[in-house]
Every structure is written in C-alpha cells, then in structure tokens.
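Below: the structure, in structure tokens.
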Amino acid sequence: MQIERKLMSENSLIGEFRTTFGKGSARKARAAGRTPAVIYGHGSEPRHITLPARQVALVLRHKNAIIELTLDGKVETVLVKSASKDVVTQVIEHVDLVEITKGERVHVEVPVHVIGESMSGTIIDLEHKTVKLEVDARTIPEFVEVVFNKEGLGFHVTAGDVKLPAGAKLDLDDHVLIASVVGTGAGASDAEVAPAADAKA
C-alpha cells in the first residue's frame, strides 16, 4: 500500500519578512544563511520572506514538499511550488511557495516507481516516468507505484491500475499506458526501472 507522506519535523520552518529587495538584498540574505522566498496566496498580495537555508535544502529533497511555516508567531501551511539554484554552486537562490488551506486540493506532478520485475528475458518499459495528480494538499505522495510480479511479454499497466492515496485522482484517462513488459531488444533502458529504493523524488 502506498504510504502517504506526513508533515515531518524538518518541514516546520520559521520565516522572516523581508523589508529590503533587489539582487543585492538577496545576496546579503544568502550570505547570512537565509534563502529568499515568496508566498503566493488566494487573491492576496505576494509576501516576501526569507527561510533558513540549511533547512530549506533538506525540505527540497522531497518533491512537492509541504511546510508548516511560522511567521510573526502565526503558523500556516504552504506548498513548495518551485525553486531555483545557482548552476555552478547549486546553492538554492529562491523559493516560490503557495499558501494552502485545510482540505484544499492541488495539482502536482509525482514520479512513477516500478515495484517488482518482469519475467526473465524481458524488461519493463516505463512510458510515463511522472504523472500529474489532483490530491488533497496534506496527503501528496512522494511517488506512485506500478506493480509487476514476473509477468511475461505483453503485460501492461494502465493509469487505472496505478496505486493512489485515498481521494487522489490521476490527470489521465484510465486506459492510458503507463508501463509494459517488452522484449530485451525493444530499446527500453534499465535506468528507467531502477528499484524504488534507489529512485529520488
């Protein structure tokens, strides 16, 4: 069964409002160990903040990370929408966050992990390495699974077979092909079917 990701202690961050802006201000913030970020809300003006850089780096190991954010003593929940890195240093330069409310559903993209293997002499061809979901913002999975159990040539998994968290919905028709068993000469890559334990979100 797919385990839904819960809010973890490392996802509880304390933010600080920014009072100065521009590239120079952003550089000073990063030099002080803070990552500039913007929170986008429901019809409200964007809010400019900074976050502790080290904790942000940990949070961003997970795709679609949820953060319990404390600002001026008040706690709110935000979703990491995107982040930018320096191409040379790989330092996180900026993060875009989206305010979410209890029970809100969001559209996110998550990786597809292959569980199991196909029959000897065949390989699994993964047509969709990621899929888009509509899901409760508090139960976004880090990945979804397609399961194989030594099936032979021609066996396939469609969108309707993908294991999903309760209440989640794929942005694909049920008949869309996700993965199939093919002959070893079909050109599929072993890298596409790396075990889930080795895959990165």
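We name chains A, B, ... following the order of the structure tokens; residues begin at 1 in each chain, and ligands are numbered from 1 as shown.
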Margin query: Report as a ChimeraX atom specification all protein, DNA and RNA residues lying within 8 Å of A:Ile100, evaluated on only C-alpha atoms, omitting residues in the same chain fewer than 3 positions from it.
Written below: /A:41,77-79,104,137
Item checked: Residue set, stretch 2-199 of chain A restricted to strand (DSSP E), as an MDAnalysis selection string -> chainID A and resid 12:14 16:17 34:40 47:52 66:71 74:85 92:100 105:115 122:126 130:136 144:147 156:158 169:170 177:183
Next, write the just-selected residues to a file, as a short mmCIF file (atom, residue, chain, number, x, y, z; two decimals), in the first residue's frame, keeping C-alpha atoms as the atom set.
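For reference, part22.cif as written:
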```
data_model
loop_
_atom_site.label_atom_id
_atom_site.label_comp_id
_atom_site.auth_asym_id
_atom_site.auth_seq_id
_atom_site.Cartn_x
_atom_site.Cartn_y
_atom_site.Cartn_z
CA SER A 12 8.47 23.07 10.30
CA LEU A 13 10.29 26.31 9.46
CA ILE A 14 10.40 29.81 10.88
CA GLU A 16 11.17 36.25 8.49
CA PHE A 17 9.57 39.01 6.46
CA ARG A 34 18.80 32.76 4.64
CA THR A 35 17.01 31.82 1.40
CA PRO A 36 14.71 34.44 -0.18
CA ALA A 37 11.17 33.21 -0.86
CA VAL A 38 7.77 34.48 -1.95
CA ILE A 39 4.40 33.23 -0.68
CA TYR A 40 1.50 33.42 -3.14
CA ARG A 47 4.57 38.10 0.67
CA HIS A 48 8.36 38.31 0.57
CA ILE A 49 10.21 36.36 3.26
CA THR A 50 13.45 34.55 3.99
CA LEU A 51 13.88 30.99 5.27
CA PRO A 52 16.79 29.16 6.98
CA ILE A 66 4.67 20.82 2.47
CA ILE A 67 5.95 23.27 5.09
CA GLU A 68 4.43 24.33 8.38
CA LEU A 69 5.62 27.91 8.33
CA THR A 70 5.74 30.24 11.32
CA LEU A 71 5.65 33.97 10.54
CA LYS A 74 1.42 32.59 13.40
CA VAL A 75 1.56 29.13 11.77
CA GLU A 76 0.35 28.49 8.23
CA THR A 77 0.78 25.73 5.69
CA VAL A 78 2.48 26.26 2.34
CA LEU A 79 3.40 24.09 -0.63
CA VAL A 80 6.76 24.41 -2.40
CA LYS A 81 5.84 25.26 -5.97
CA SER A 82 9.31 25.81 -7.42
CA ALA A 83 12.90 26.60 -6.51
CA SER A 84 15.87 27.99 -8.41
CA LYS A 85 19.53 27.05 -7.93
CA ILE A 92 19.25 27.43 -3.65
CA GLU A 93 18.73 31.06 -4.63
CA HIS A 94 14.96 31.45 -4.38
CA VAL A 95 11.82 29.50 -3.49
CA ASP A 96 8.22 30.06 -4.57
CA LEU A 97 5.59 28.93 -2.07
CA VAL A 98 1.81 28.63 -2.35
CA GLU A 99 -0.49 29.10 0.62
CA ILE A 100 -2.85 26.16 1.14
CA ARG A 105 -6.92 20.01 -3.47
CA VAL A 106 -3.91 20.76 -5.65
CA HIS A 107 -2.47 19.58 -8.97
CA VAL A 108 1.04 18.18 -8.65
CA GLU A 109 3.47 16.01 -10.63
CA VAL A 110 5.00 12.96 -8.93
CA PRO A 111 7.44 10.23 -10.05
CA VAL A 112 6.30 6.72 -11.00
CA HIS A 113 8.20 3.91 -9.25
CA VAL A 114 8.25 0.35 -10.59
CA ILE A 115 7.81 -2.30 -7.90
CA THR A 122 12.04 -9.28 -20.74
CA ILE A 123 12.24 -5.78 -19.30
CA ILE A 124 9.73 -3.19 -18.14
CA ASP A 125 9.28 -0.20 -20.45
CA LEU A 126 8.13 2.82 -18.43
CA THR A 130 5.96 11.03 -13.86
CA VAL A 131 2.21 11.56 -13.64
CA LYS A 132 0.04 14.52 -12.66
CA LEU A 133 -2.36 14.14 -9.75
CA GLU A 134 -5.21 16.04 -8.21
CA VAL A 135 -4.91 15.35 -4.49
CA ASP A 136 -5.53 16.78 -1.03
CA VAL A 144 3.08 6.41 -7.03
CA GLU A 145 3.66 2.73 -7.76
CA VAL A 146 3.12 0.32 -10.63
CA VAL A 147 3.49 -3.30 -9.56
CA HIS A 156 0.89 -3.80 -19.29
CA VAL A 157 -0.21 -1.38 -16.60
CA THR A 158 -2.59 1.46 -17.41
CA LYS A 169 -7.18 11.33 -8.94
CA LEU A 170 -4.87 10.96 -11.93
CA LEU A 177 -0.48 3.10 -20.92
CA ILE A 178 1.94 3.68 -18.03
CA ALA A 179 4.31 0.68 -18.32
CA SER A 180 4.55 -2.60 -20.21
CA VAL A 181 6.64 -5.75 -20.49
CA VAL A 182 8.71 -5.83 -23.69
CA GLY A 183 11.48 -7.94 -25.19
#
```
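Between atom CA of A:Arg27 and atom CA of A:Arg61 the interatomic distance comes to 22.8 Å.
Secondary structure from DSSP on the backbone puts alpha helix (DSSP H) at the following positions of stretch 44-94 of chain A: Ala53, Arg54, Gln55, Val56, Ala57, Leu58 and Val59 of chain A.
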Output file for the residues above (N, CA and C atoms, as a PDB file, in the first residue's frame):
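After the write, again-v4.pdb holds the following:
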```pdb
ATOM      1  N   ALA A  53      18.394  28.622   5.250  1.00  0.00           N
ATOM      2  CA  ALA A  53      18.871  27.952   4.034  1.00  0.00           C
ATOM      3  C   ALA A  53      19.133  26.466   4.241  1.00  0.00           C
ATOM      4  N   ARG A  54      19.737  26.109   5.362  1.00  0.00           N
ATOM      5  CA  ARG A  54      20.079  24.704   5.584  1.00  0.00           C
ATOM      6  C   ARG A  54      18.832  23.833   5.668  1.00  0.00           C
ATOM      7  N   GLN A  55      17.808  24.323   6.375  1.00  0.00           N
ATOM      8  CA  GLN A  55      16.570  23.554   6.490  1.00  0.00           C
ATOM      9  C   GLN A  55      15.826  23.494   5.168  1.00  0.00           C
ATOM     10  N   VAL A  56      15.886  24.578   4.411  1.00  0.00           N
ATOM     11  CA  VAL A  56      15.248  24.590   3.091  1.00  0.00           C
ATOM     12  C   VAL A  56      15.855  23.513   2.197  1.00  0.00           C
ATOM     13  N   ALA A  57      17.178  23.382   2.242  1.00  0.00           N
ATOM     14  CA  ALA A  57      17.851  22.364   1.423  1.00  0.00           C
ATOM     15  C   ALA A  57      17.368  20.963   1.780  1.00  0.00           C
ATOM     16  N   LEU A  58      17.122  20.715   3.062  1.00  0.00           N
ATOM     17  CA  LEU A  58      16.603  19.404   3.487  1.00  0.00           C
ATOM     18  C   LEU A  58      15.179  19.197   2.991  1.00  0.00           C
ATOM     19  N   VAL A  59      14.359  20.226   3.131  1.00  0.00           N
ATOM     20  CA  VAL A  59      12.968  20.125   2.704  1.00  0.00           C
ATOM     21  C   VAL A  59      12.874  19.831   1.210  1.00  0.00           C
TER      22      VAL A  59
END
```
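Distances to A:Val176 were evaluated for A:Leu164, A:Ala32, A:Met119, A:Ala159 using only C-alpha atoms, and the minimum falls at A:Ala159.
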